[in-house]
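Peer 1: Below you will find the structure I want to go over with you.
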Amino acid sequence: MSRKLRLGLLLFGAAIVTLMIWKVGPATIWAGLSGSWWVALALIPLWATIYLLNAIAWRQLTSAGGSPIPMMHALRMTVIAFAVNYSTPFLSFGGEPLKVMAATPALGRRRAVGSIVAFRLLHSLVHVVCWLIALIPAAILLPNSLLADSAILVIGAIMVALTLFFLSRHREGMALQLLHLLKRIPLLRRLAARLEPQAEALHEIDQHVTEIYHRAPGRFYLAFGTEMLARVLTLAEYWVILYGLGLGMDPWRALVVASFASLVVNALIFVPFEIGTREGGSYLIFHLLGIDPALGLAAALLTRIREITWIAIGWAMVWTVK
């Protein structure tokens, strides 16, 4: 990565962090920190552990060939990628191309793309599985009503379908199937025609995506378990926050709150910088659980502070990428 590119990315990241601080409001951030400073501090090492586990899972999904990605390099690129994704206005995408660039010298371009696609699929699969599990305490804790019960059943059916879909992509890949899908959509046939000469490359990427699942299932399930542990720690963030807000140590309630807030954010992923979606989701689930909704906004603020901190760390790390 050239010096000019690193400097440009660093300046862009600084602008994004400044924008997010301005959007949230410096006074609001200070008020949240002054009342729960220890919670905000506790979340920093918690997420360092989460990113370390993400990096370990990514390395486990790298197909045979090339040189292994050094652990510290994988960790650094994981932090940078998530920082860029959080900073992307729409669809939380942007960090993966940087990971490809950083991993290509060791793995080769197609193997690097395959490992990163495999990790994103696994990351999404773990999200869906955890949302599915969270429906059990949600059914117990949320008020009984026809609307709530129906919503839980519908969301459960969708989560089961998504679980099967993501597992099938680990078995069969997705690049070539996506190309075939584009061919069937009239408005996207021109794009498919441009991608058609790359069919061989897409097939090779699919092979890298599926290789670990078929040839080294132990590594796949190790990566799945590692990513599940990372997701559990992610959900534990709200356990710490709820305790810091004086709501006690209730892991099941924290699981429901964290899962619902995450589900809302991902369902409305097209909203720039998740502005309002996280706060709205937290406000709503706190209300449904019979907790003061104002505390939901405070909880969302603490996650914002953690997010802005790690975005700043991630963008600063861009300068260290060779």
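Chain identifiers are assigned as A, B, and so on, following the order in which chains appear in the structure tokens; residues are numbered from 1 within each chain, and ligands are numbered from 1 in order of appearance.
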Excluding A:Ile291 and residues on its chain fewer than 6 positions from it, collect all residues at most 12 Å away from it, counting only C-alpha atoms, and give them as a VMD selection string.
Peer 2: chain A and resid 141 to 142 242 245 to 247 253 257 282 to 285 297 299
Peer 1: When you look at A:Pro70 with a cut-off of 12 Å (counting only C-alpha atoms), what residues show up, excluding the ones that are within fewer than 3 positions of it in the same chain? I need them as number ranges by chain.
Peer 2: A: 55-56, 58-59, 67, 73-77, 102-103, 105-107
Peer 1: Any idea what's packed within 12 Å of A:Ser150, counting only C-alpha atoms, ignoring anything in its chain fewer than 6 positions away? Could you give it as a PyMOL selection string?
Peer 2: chain A and resi 135+139+144+156-157
Peer 1: Ranking A:Ile69, A:Ile155, A:Leu233, A:Leu263 by minimum distance to A:Ser124 and counting only C-alpha atoms, which one comes first?
Peer 2: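 That would be A:Leu263, the residue with the smallest distance to A:Ser124.
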Peer 1: Could you please determine the separation between atom CA of A:Glu307 and atom CA of A:Ile44 in Å, to one decimal place?
Peer 2: 9.2 Å
Peer 1: Using only C-alpha atoms, which residue out of A:Pro186, A:Gly244, A:Gly314, A:Pro137 lies closest to A:Leu43?
Peer 2: A:Gly244
Peer 1: Would you work out the distance separating atom CA of A:Thr226 from atom CA of A:Val154, expressed in Å to one decimal?
Peer 2: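 Here the two named atoms are 28.6 Å from each other.
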